[in-house]
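What follows is model.pdb (PDB, C-alpha atoms and all ligand atoms).
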ATOM      1  CA  MET A1483     -14.529  14.282 114.155  1.00  0.00           C
ATOM      2  CA  SER A1484     -17.046  14.584 111.335  1.00  0.00           C
ATOM      3  CA  ALA A1485     -17.329  12.650 108.080  1.00  0.00           C
ATOM      4  CA  SER A1486     -16.979  15.826 106.053  1.00  0.00           C
ATOM      5  CA  GLN A1487     -13.589  16.677 107.506  1.00  0.00           C
ATOM      6  CA  LEU A1488     -10.462  16.286 105.442  1.00  0.00           C
ATOM      7  CA  ALA A1489      -7.737  14.141 106.947  1.00  0.00           C
ATOM      8  CA  GLN A1490      -5.028  16.770 106.919  1.00  0.00           C
ATOM      9  CA  ASP A1491      -4.222  20.282 105.718  1.00  0.00           C
ATOM     10  CA  LEU A1492      -0.795  21.676 106.532  1.00  0.00           C
ATOM     11  CA  HIS A1493      -0.526  24.369 103.842  1.00  0.00           C
ATOM     12  CA  ILE A1494      -2.675  27.311 104.890  1.00  0.00           C
ATOM     13  CA  HIS A1495      -1.877  31.039 104.824  1.00  0.00           C
ATOM     14  CA  THR A1496      -3.299  33.720 107.083  1.00  0.00           C
ATOM     15  CA  THR A1497      -3.095  37.476 107.473  1.00  0.00           C
ATOM     16  CA  TRP A1498       0.414  36.918 108.871  1.00  0.00           C
ATOM     17  CA  SER A1499       1.446  36.540 105.193  1.00  0.00           C
ATOM     18  CA  HIS A1500       0.928  40.292 104.961  1.00  0.00           C
ATOM     19  CA  ALA A1501       2.817  40.822 101.690  1.00  0.00           C
ATOM     20  CA  ASP A1502       0.854  38.162  99.793  1.00  0.00           C
ATOM     21  CA  SER A1503      -1.846  39.994  97.869  1.00  0.00           C
ATOM     22  CA  SER A1504      -3.989  36.846  97.569  1.00  0.00           C
ATOM     23  CA  VAL A1505      -4.602  36.754 101.332  1.00  0.00           C
ATOM     24  CA  VAL A1506      -7.805  38.521 102.388  1.00  0.00           C
ATOM     25  CA  PRO A1507      -8.266  40.308 105.740  1.00  0.00           C
ATOM     26  CA  GLU A1508     -10.843  37.730 106.839  1.00  0.00           C
ATOM     27  CA  GLN A1509      -8.260  34.891 106.565  1.00  0.00           C
ATOM     28  CA  THR A1510      -7.367  34.886 110.260  1.00  0.00           C
ATOM     29  CA  ILE A1511      -5.935  32.104 112.385  1.00  0.00           C
ATOM     30  CA  GLU A1512      -9.108  32.258 114.466  1.00  0.00           C
ATOM     31  CA  LEU A1513     -11.379  31.702 111.464  1.00  0.00           C
ATOM     32  CA  ILE A1514      -9.341  28.718 110.292  1.00  0.00           C
ATOM     33  CA  ALA A1515      -9.363  27.226 113.781  1.00  0.00           C
ATOM     34  CA  ALA A1516     -13.143  27.637 113.935  1.00  0.00           C
ATOM     35  CA  ALA A1517     -13.733  26.116 110.487  1.00  0.00           C
ATOM     36  CA  GLU A1518     -12.456  22.646 111.550  1.00  0.00           C
ATOM     37  CA  HIS A1519     -12.210  21.613 107.894  1.00  0.00           C
ATOM     38  CA  ALA A1520      -9.495  18.998 108.561  1.00  0.00           C
ATOM     39  CA  ARG A1521      -8.557  16.708 111.429  1.00  0.00           C
ATOM     40  CA  ILE A1522      -4.856  17.595 111.260  1.00  0.00           C
ATOM     41  CA  ARG A1523      -4.254  21.291 110.592  1.00  0.00           C
ATOM     42  CA  GLY A1524      -1.235  23.512 110.378  1.00  0.00           C
ATOM     43  CA  ILE A1525      -0.594  27.120 109.413  1.00  0.00           C
ATOM     44  CA  SER A1526       2.284  27.772 107.014  1.00  0.00           C
ATOM     45  CA  ASP A1527       2.722  31.489 106.509  1.00  0.00           C
ATOM     46  CA  HIS A1528       5.517  32.779 104.281  1.00  0.00           C
ATOM     47  CA  PHE A1529       8.716  32.749 106.317  1.00  0.00           C
ATOM     48  CA  GLU A1530       9.941  35.931 104.638  1.00  0.00           C
ATOM     49  CA  HIS A1531       6.854  37.785 105.953  1.00  0.00           C
ATOM     50  CA  ILE A1532       7.184  36.631 109.560  1.00  0.00           C
ATOM     51  CA  ALA A1533      10.915  36.147 110.095  1.00  0.00           C
ATOM     52  CA  ASP A1534      11.195  39.251 112.273  1.00  0.00           C
ATOM     53  CA  ARG A1535       8.313  38.209 114.569  1.00  0.00           C
ATOM     54  CA  PHE A1536       8.422  34.442 114.392  1.00  0.00           C
ATOM     55  CA  ASP A1537       8.001  33.934 118.138  1.00  0.00           C
ATOM     56  CA  ALA A1538       4.758  35.913 118.150  1.00  0.00           C
ATOM     57  CA  TYR A1539       3.580  33.968 115.100  1.00  0.00           C
ATOM     58  CA  ARG A1540       4.396  30.643 116.736  1.00  0.00           C
ATOM     59  CA  ARG A1541       2.507  31.617 119.895  1.00  0.00           C
ATOM     60  CA  ALA A1542      -0.545  32.777 117.941  1.00  0.00           C
ATOM     61  CA  VAL A1543      -0.749  29.553 115.901  1.00  0.00           C
ATOM     62  CA  SER A1544      -0.155  27.319 118.935  1.00  0.00           C
ATOM     63  CA  ALA A1545      -2.736  29.183 121.000  1.00  0.00           C
ATOM     64  CA  ALA A1546      -5.331  28.321 118.339  1.00  0.00           C
ATOM     65  CA  GLY A1547      -4.461  24.630 118.676  1.00  0.00           C
ATOM     66  CA  LEU A1548      -2.866  24.384 115.227  1.00  0.00           C
ATOM     67  CA  ARG A1549       0.513  22.987 114.142  1.00  0.00           C
ATOM     68  CA  VAL A1550       3.161  25.582 113.451  1.00  0.00           C
ATOM     69  CA  GLY A1551       4.656  25.506 109.989  1.00  0.00           C
ATOM     70  CA  THR A1552       6.160  27.989 107.582  1.00  0.00           C
ATOM     71  CA  GLU A1553       6.686  28.188 103.814  1.00  0.00           C
ATOM     72  CA  ILE A1554      10.230  29.097 102.777  1.00  0.00           C
ATOM     73  CA  ASP A1555      11.001  30.665  99.414  1.00  0.00           C
ATOM     74  CA  GLY A1556      14.253  29.161  98.178  1.00  0.00           C
ATOM     75  CA  HIS A1557      17.654  28.527  99.708  1.00  0.00           C
ATOM     76  CA  ARG A1558      18.470  32.109 100.757  1.00  0.00           C
ATOM     77  CA  SER A1559      15.934  32.026 103.586  1.00  0.00           C
ATOM     78  CA  VAL A1560      16.953  28.604 104.882  1.00  0.00           C
ATOM     79  CA  PRO A1561      19.703  29.583 107.398  1.00  0.00           C
ATOM     80  CA  ALA A1562      17.359  32.049 109.131  1.00  0.00           C
ATOM     81  CA  ALA A1563      14.468  29.577 109.005  1.00  0.00           C
ATOM     82  CA  LEU A1564      16.576  26.913 110.710  1.00  0.00           C
ATOM     83  CA  ASP A1565      16.906  29.324 113.655  1.00  0.00           C
ATOM     84  CA  CYS A1566      13.128  29.444 114.064  1.00  0.00           C
ATOM     85  CA  PRO A1567      11.784  26.272 115.693  1.00  0.00           C
ATOM     86  CA  CYS A1568       8.490  24.973 114.330  1.00  0.00           C
ATOM     87  CA  ASP A1569       6.692  21.671 113.694  1.00  0.00           C
ATOM     88  CA  TYR A1570       7.335  21.331 109.945  1.00  0.00           C
ATOM     89  CA  ARG A1571       8.578  23.327 106.966  1.00  0.00           C
ATOM     90  CA  ILE A1572       7.323  23.751 103.397  1.00  0.00           C
ATOM     91  CA  PHE A1573       9.925  24.683 100.800  1.00  0.00           C
ATOM     92  CA  HIS A1574       9.792  26.388  97.399  1.00  0.00           C
ATOM     93  CA  CYS A1575      12.444  24.358  95.599  1.00  0.00           C
ATOM     94  CA  TYR A1576      13.365  26.155  92.393  1.00  0.00           C
ATOM     95  CA  ASP A1577      15.283  24.207  89.773  1.00  0.00           C
ATOM     96  CA  GLN A1578      18.777  25.153  90.920  1.00  0.00           C
ATOM     97  CA  GLY A1579      21.518  23.306  92.760  1.00  0.00           C
ATOM     98  CA  ALA A1580      21.455  25.569  95.829  1.00  0.00           C
ATOM     99  CA  ASP A1581      17.795  24.787  96.415  1.00  0.00           C
ATOM    100  CA  TYR A1582      18.269  21.001  96.172  1.00  0.00           C
ATOM    101  CA  ARG A1583      21.168  21.309  98.625  1.00  0.00           C
ATOM    102  CA  ALA A1584      18.985  23.416 100.949  1.00  0.00           C
ATOM    103  CA  LEU A1585      16.583  20.471 101.161  1.00  0.00           C
ATOM    104  CA  GLU A1586      19.412  18.449 102.725  1.00  0.00           C
ATOM    105  CA  SER A1587      19.942  21.162 105.389  1.00  0.00           C
ATOM    106  CA  LEU A1588      16.250  21.249 106.155  1.00  0.00           C
ATOM    107  CA  LEU A1589      16.062  17.450 106.463  1.00  0.00           C
ATOM    108  CA  ALA A1590      19.005  17.477 108.869  1.00  0.00           C
ATOM    109  CA  ASP A1591      16.862  19.450 111.334  1.00  0.00           C
ATOM    110  CA  ASP A1592      14.699  16.335 111.768  1.00  0.00           C
ATOM    111  CA  ILE A1593      11.251  17.825 111.325  1.00  0.00           C
ATOM    112  CA  PRO A1594       9.051  17.109 108.286  1.00  0.00           C
ATOM    113  CA  VAL A1595      10.031  18.815 105.020  1.00  0.00           C
ATOM    114  CA  ILE A1596       7.312  19.277 102.401  1.00  0.00           C
ATOM    115  CA  VAL A1597       8.257  20.218  98.824  1.00  0.00           C
ATOM    116  CA  ALA A1598       5.634  22.810  97.847  1.00  0.00           C
ATOM    117  CA  HIS A1599       3.691  22.515  94.568  1.00  0.00           C
ATOM    118  CA  PRO A1600       6.712  21.220  92.555  1.00  0.00           C
ATOM    119  CA  ASN A1601       4.749  21.344  89.294  1.00  0.00           C
ATOM    120  CA  ALA A1602       4.332  25.133  89.656  1.00  0.00           C
ATOM    121  CA  LEU A1603       8.062  25.749  90.258  1.00  0.00           C
ATOM    122  CA  ASP A1604       9.567  23.334  87.742  1.00  0.00           C
ATOM    123  CA  THR A1605      11.157  21.415  90.603  1.00  0.00           C
ATOM    124  CA  ASP A1606      12.994  18.391  89.223  1.00  0.00           C
ATOM    125  CA  LEU A1607      11.760  15.576  91.475  1.00  0.00           C
ATOM    126  CA  GLU A1608      14.679  13.489  90.246  1.00  0.00           C
ATOM    127  CA  ARG A1609      16.954  15.724  92.356  1.00  0.00           C
ATOM    128  CA  VAL A1610      14.800  15.803  95.506  1.00  0.00           C
ATOM    129  CA  PRO A1611      15.899  13.602  98.434  1.00  0.00           C
ATOM    130  CA  ASN A1612      13.608  10.617  99.094  1.00  0.00           C
ATOM    131  CA  GLU A1613      12.921  11.707 102.687  1.00  0.00           C
ATOM    132  CA  CYS A1614      11.034  14.819 101.554  1.00  0.00           C
ATOM    133  CA  LEU A1615       7.250  14.776 101.434  1.00  0.00           C
ATOM    134  CA  ILE A1616       5.856  15.858  98.074  1.00  0.00           C
ATOM    135  CA  GLU A1617       2.809  18.074  97.945  1.00  0.00           C
ATOM    136  CA  LEU A1618      -0.332  17.621  95.873  1.00  0.00           C
ATOM    137  CA  ASN A1619      -1.495  21.241  96.051  1.00  0.00           C
ATOM    138  CA  ASN A1620      -5.107  22.106  95.326  1.00  0.00           C
ATOM    139  CA  ARG A1621      -4.261  25.621  94.117  1.00  0.00           C
ATOM    140  CA  TYR A1622      -1.795  24.508  91.478  1.00  0.00           C
ATOM    141  CA  ILE A1623      -2.094  20.815  90.631  1.00  0.00           C
ATOM    142  CA  TRP A1624      -4.668  21.314  87.872  1.00  0.00           C
ATOM    143  CA  ARG A1625      -2.159  23.420  85.949  1.00  0.00           C
ATOM    144  CA  CYS A1626      -0.182  20.353  84.936  1.00  0.00           C
ATOM    145  CA  ASP A1627      -0.576  16.883  83.481  1.00  0.00           C
ATOM    146  CA  TRP A1628      -0.354  15.308  86.926  1.00  0.00           C
ATOM    147  CA  MET A1629      -0.004  11.782  85.590  1.00  0.00           C
ATOM    148  CA  ALA A1630       3.067  12.767  83.596  1.00  0.00           C
ATOM    149  CA  PHE A1631       4.577  14.969  86.321  1.00  0.00           C
ATOM    150  CA  TYR A1632       3.975  12.919  89.476  1.00  0.00           C
ATOM    151  CA  GLY A1633       3.327   9.469  88.006  1.00  0.00           C
ATOM    152  CA  PRO A1634       6.962   8.345  87.734  1.00  0.00           C
ATOM    153  CA  TYR A1635       7.537   9.156  91.427  1.00  0.00           C
ATOM    154  CA  ARG A1636       4.502   7.468  92.974  1.00  0.00           C
ATOM    155  CA  ASN A1637       6.542   4.715  94.589  1.00  0.00           C
ATOM    156  CA  ARG A1638       9.542   6.805  95.504  1.00  0.00           C
ATOM    157  CA  PHE A1639       8.069   9.513  97.733  1.00  0.00           C
ATOM    158  CA  ARG A1640       5.485   9.969 100.432  1.00  0.00           C
ATOM    159  CA  PHE A1641       2.839  12.573  99.550  1.00  0.00           C
ATOM    160  CA  VAL A1642       0.706  15.126 101.394  1.00  0.00           C
ATOM    161  CA  ILE A1643      -2.446  16.816 100.100  1.00  0.00           C
ATOM    162  CA  SER A1644      -2.879  20.543 100.815  1.00  0.00           C
ATOM    163  CA  SER A1645      -5.268  23.395 100.113  1.00  0.00           C
ATOM    164  CA  ASP A1646      -2.745  26.278 100.048  1.00  0.00           C
ATOM    165  CA  ALA A1647      -5.690  28.398 101.181  1.00  0.00           C
ATOM    166  CA  HIS A1648      -5.258  32.174 101.099  1.00  0.00           C
ATOM    167  CA  GLN A1649      -8.970  32.890 101.497  1.00  0.00           C
ATOM    168  CA  PRO A1650     -11.631  31.131 103.599  1.00  0.00           C
ATOM    169  CA  ASN A1651     -13.366  29.542 100.607  1.00  0.00           C
ATOM    170  CA  TRP A1652     -10.094  27.951  99.480  1.00  0.00           C
ATOM    171  CA  LEU A1653     -10.138  25.553 102.449  1.00  0.00           C
ATOM    172  CA  GLY A1654     -10.686  22.512 100.262  1.00  0.00           C
ATOM    173  CA  GLN A1655      -8.724  19.867  98.368  1.00  0.00           C
ATOM    174  CA  SER A1656     -11.110  18.525  95.717  1.00  0.00           C
ATOM    175  CA  ILE A1657      -8.802  18.697  92.718  1.00  0.00           C
ATOM    176  CA  ALA A1658      -5.692  17.550  94.589  1.00  0.00           C
ATOM    177  CA  ARG A1659      -7.709  14.567  95.823  1.00  0.00           C
ATOM    178  CA  LEU A1660      -8.899  13.807  92.306  1.00  0.00           C
ATOM    179  CA  ALA A1661      -5.259  13.727  91.219  1.00  0.00           C
ATOM    180  CA  ALA A1662      -4.300  11.543  94.178  1.00  0.00           C
ATOM    181  CA  ARG A1663      -7.069   9.063  93.294  1.00  0.00           C
ATOM    182  CA  GLU A1664      -6.065   8.903  89.646  1.00  0.00           C
ATOM    183  CA  LEU A1665      -2.428   8.494  90.622  1.00  0.00           C
ATOM    184  CA  GLY A1666      -3.290   5.827  93.192  1.00  0.00           C
ATOM    185  CA  ILE A1667      -1.474   7.825  95.866  1.00  0.00           C
ATOM    186  CA  GLU A1668      -2.410   7.466  99.513  1.00  0.00           C
ATOM    187  CA  GLU A1669      -1.595  10.589 101.499  1.00  0.00           C
ATOM    188  CA  THR A1670       0.829  10.452 104.405  1.00  0.00           C
ATOM    189  CA  LEU A1671      -0.474  11.834 107.681  1.00  0.00           C
ATOM    190  CA  VAL A1672       2.416  13.724 109.209  1.00  0.00           C
ATOM    191  CA  PHE A1673       0.965  14.242 112.706  1.00  0.00           C
ATOM    192  CA  GLU A1674      -1.553  12.671 115.023  1.00  0.00           C
ATOM    193  CA  PRO A1675      -5.064  14.157 114.663  1.00  0.00           C
ATOM    194  CA  ASP A1676      -5.682  17.278 116.821  1.00  0.00           C
TER     195      ASP A1676
HETATM  196 ZN    ZN B   1       3.949  28.367  97.601  1.00  0.00          ZN
HETATM  197 ZN    ZN B   2       1.621  28.693 100.101  1.00  0.00          ZN
END
So, in terms of structure tokens, how does the structure I just supplied come out?
Ligand SMILES: [Zn+2]
Ligand SMILES: [Zn+2]
Amino acid sequence: MSASQLAQDLHIHTTWSHADSSVVPEQTIELIAAAEHARIRGISDHFEHIADRFDAYRRAVSAAGLRVGTEIDGHRSVPAALDCPCDYRIFHCYDQGADYRALESLLADDIPVIVAHPNALDTDLERVPNECLIELNNRYIWRCDWMAFYGPYRNRFRFVISSDAHQPNWLGQSIARLAARELGIEETLVFEPD
């Protein structure tokens, strides 16, 4: 463990997110494993890009010593995602009833559920179940008035801080941590350190 390491980063993409044009070819599982930028690390590639080879994905992430996650885009992908065991799930919750209901299905599977960058998707936190973890996402948080958006929910939810890295130099959380400090939010560590 080094002083420069972040506590936790569970929102990281790799080349397995092959249809995401922001991911660069150098963003491999191996490079992220070698970077050791956080004490608790998980890979969360887009479920829709890996659904047909989830077992191979899970093996590749596990073999690198990282937690296995996935990022699910709305309620339509949830039934298939529930058939793919992993350590945690990140969910794009759009502002529609079916997506808030999908959060209940995900929670019923008894592994952590993280609501991805709600400020970028107009997620209504009022409608999100208390058991969900809410993300402070370094890629998107600066695009909102975080005090106005997250402030009213500081005491209602537990929060995680993520990079949402798609490229090696995105493996950082400076702005999300600035927001967390200003909000007085202490992050929740979802797993034991690696
Ligand atoms: Zn996302
Ligand atoms: Zn993402």
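Residue nearest A:Arg1523, chosen from A:Ser1499, A:Gln1487, A:Ser1656, A:Gln1578 and counting all atoms listed in the file: A:Gln1487.
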I'd like the contact shell of A:Asn1612 - 12 Å cut-off, all atoms listed in the file, skipping same-chain residues fewer than 5 positions apart - returned as a ChimeraX atom specification. /A:1582,1585-1586,1589,1595-1597,1607,1635-1641
Store the residues picked out above in a file with C-alpha atoms, as a compact mmCIF listing (two decimals), keeping the file's coordinate frame.
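Once everything was written out, this is again_28.txt:
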# COMPACT_ATOMS: atom_id res chain seq x y z
CA TYR A 1582 18.27 21.00 96.17
CA LEU A 1585 16.58 20.47 101.16
CA GLU A 1586 19.41 18.45 102.72
CA LEU A 1589 16.06 17.45 106.46
CA VAL A 1595 10.03 18.82 105.02
CA ILE A 1596 7.31 19.28 102.40
CA VAL A 1597 8.26 20.22 98.82
CA LEU A 1607 11.76 15.58 91.48
CA TYR A 1635 7.54 9.16 91.43
CA ARG A 1636 4.50 7.47 92.97
CA ASN A 1637 6.54 4.72 94.59
CA ARG A 1638 9.54 6.80 95.50
CA PHE A 1639 8.07 9.51 97.73
CA ARG A 1640 5.48 9.97 100.43
CA PHE A 1641 2.84 12.57 99.55
Using all atoms listed in the file, which residues have at least one atom no more than 10 Å from ligand ZN 2 (chain B)? Output them as JSON, numbers by chain. {"A": [1492, 1493, 1494, 1495, 1496, 1499, 1502, 1525, 1526, 1527, 1528, 1552, 1553, 1554, 1555, 1572, 1573, 1574, 1598, 1599, 1619, 1621, 1644, 1645, 1646, 1647, 1648]}
Using the chain letters and numbers from the file, which residues does the PyMOL selection byres (((chain A and resi 1604) around 10) and not hetatm) grab, as a list in words? Cys1575, Tyr1576, Asp1577, Gln1578, His1599, Pro1600, Asn1601, Ala1602, Leu1603, Thr1605, Asp1606, Leu1607 and Phe1631 of chain A
Dump of C-alpha atoms for the selected residues, as a PDB file, in the coordinates of the input:
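Listing of part_28.pdb after writing:
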ATOM      1  CA  CYS A1575      12.444  24.358  95.599  1.00  0.00           C
ATOM      2  CA  TYR A1576      13.365  26.155  92.393  1.00  0.00           C
ATOM      3  CA  ASP A1577      15.283  24.207  89.773  1.00  0.00           C
ATOM      4  CA  GLN A1578      18.777  25.153  90.920  1.00  0.00           C
ATOM      5  CA  HIS A1599       3.691  22.515  94.568  1.00  0.00           C
ATOM      6  CA  PRO A1600       6.712  21.220  92.555  1.00  0.00           C
ATOM      7  CA  ASN A1601       4.749  21.344  89.294  1.00  0.00           C
ATOM      8  CA  ALA A1602       4.332  25.133  89.656  1.00  0.00           C
ATOM      9  CA  LEU A1603       8.062  25.749  90.258  1.00  0.00           C
ATOM     10  CA  THR A1605      11.157  21.415  90.603  1.00  0.00           C
ATOM     11  CA  ASP A1606      12.994  18.391  89.223  1.00  0.00           C
ATOM     12  CA  LEU A1607      11.760  15.576  91.475  1.00  0.00           C
ATOM     13  CA  PHE A1631       4.577  14.969  86.321  1.00  0.00           C
TER      14      PHE A1631
END
Using Å and a single decimal, report how far atom CA of A:Ile1593 sits from atom CA of A:Val1610. 16.3 Å
Find the smallest box with edges along x, y and z containing every listed atom of stretch 1588-1604 of chain A, then add 8 Å on each side and report centre and edge lengths in Å to one decimal, as lines of an AutoDock Vina configuration file.
center_x = 11.3
center_y = 21.0
center_z = 99.8
size_x = 31.3
size_y = 25.4
size_z = 40.0
Suppose a student applies the PyMOL selection byres (((chain A and resi 1506-1513) around 6) and not hetatm) to this structure; what residues should they get, written as a ChimeraX atom specification? /A:1496-1497,1505,1514-1516,1649-1650
Across A:Ala1580, A:Leu1618, A:Ile1522, A:Ala1546, the smallest distance to ligand ZN 1 (chain B), with only C-alpha atoms and all ligand atoms counted, is shown by A:Leu1618
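Taking atom CA of A:Asp1627 as the reference point, atom CA of A:Ala1584 is found at 27.0 Å.
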Any chance you could build stretch 1527-1539 of chain A out to N, CA and C atoms and write it as a PDB file, in the coordinates of the input?
ATOM      1  N   ASP A1527       2.539  30.171 107.124  1.00  0.00           N
ATOM      2  CA  ASP A1527       2.722  31.489 106.509  1.00  0.00           C
ATOM      3  C   ASP A1527       4.132  31.641 105.943  1.00  0.00           C
ATOM      4  N   HIS A1528       4.242  32.559 104.974  1.00  0.00           N
ATOM      5  CA  HIS A1528       5.517  32.779 104.281  1.00  0.00           C
ATOM      6  C   HIS A1528       6.594  33.193 105.280  1.00  0.00           C
ATOM      7  N   PHE A1529       7.657  32.447 105.343  1.00  0.00           N
ATOM      8  CA  PHE A1529       8.716  32.749 106.317  1.00  0.00           C
ATOM      9  C   PHE A1529       9.242  34.168 106.151  1.00  0.00           C
ATOM     10  N   GLU A1530       9.372  34.604 104.905  1.00  0.00           N
ATOM     11  CA  GLU A1530       9.941  35.931 104.638  1.00  0.00           C
ATOM     12  C   GLU A1530       9.049  37.046 105.193  1.00  0.00           C
ATOM     13  N   HIS A1531       7.760  36.760 105.438  1.00  0.00           N
ATOM     14  CA  HIS A1531       6.854  37.785 105.953  1.00  0.00           C
ATOM     15  C   HIS A1531       6.832  37.803 107.486  1.00  0.00           C
ATOM     16  N   ILE A1532       7.322  36.762 108.102  1.00  0.00           N
ATOM     17  CA  ILE A1532       7.184  36.631 109.560  1.00  0.00           C
ATOM     18  C   ILE A1532       8.516  36.444 110.269  1.00  0.00           C
ATOM     19  N   ALA A1533       9.602  36.465 109.508  1.00  0.00           N
ATOM     20  CA  ALA A1533      10.915  36.147 110.095  1.00  0.00           C
ATOM     21  C   ALA A1533      11.230  37.047 111.286  1.00  0.00           C
ATOM     22  N   ASP A1534      10.830  38.308 111.210  1.00  0.00           N
ATOM     23  CA  ASP A1534      11.195  39.251 112.273  1.00  0.00           C
ATOM     24  C   ASP A1534      10.243  39.189 113.469  1.00  0.00           C
ATOM     25  N   ARG A1535       9.242  38.355 113.427  1.00  0.00           N
ATOM     26  CA  ARG A1535       8.313  38.209 114.569  1.00  0.00           C
ATOM     27  C   ARG A1535       7.836  36.767 114.666  1.00  0.00           C
ATOM     28  N   PHE A1536       8.794  35.856 114.445  1.00  0.00           N
ATOM     29  CA  PHE A1536       8.422  34.442 114.392  1.00  0.00           C
ATOM     30  C   PHE A1536       7.897  33.924 115.736  1.00  0.00           C
ATOM     31  N   ASP A1537       8.463  34.409 116.822  1.00  0.00           N
ATOM     32  CA  ASP A1537       8.001  33.934 118.138  1.00  0.00           C
ATOM     33  C   ASP A1537       6.528  34.284 118.362  1.00  0.00           C
ATOM     34  N   ALA A1538       6.165  35.498 117.995  1.00  0.00           N
ATOM     35  CA  ALA A1538       4.758  35.913 118.150  1.00  0.00           C
ATOM     36  C   ALA A1538       3.853  35.083 117.246  1.00  0.00           C
ATOM     37  N   TYR A1539       4.334  34.815 116.036  1.00  0.00           N
ATOM     38  CA  TYR A1539       3.580  33.968 115.100  1.00  0.00           C
ATOM     39  C   TYR A1539       3.383  32.564 115.687  1.00  0.00           C
TER      40      TYR A1539
END
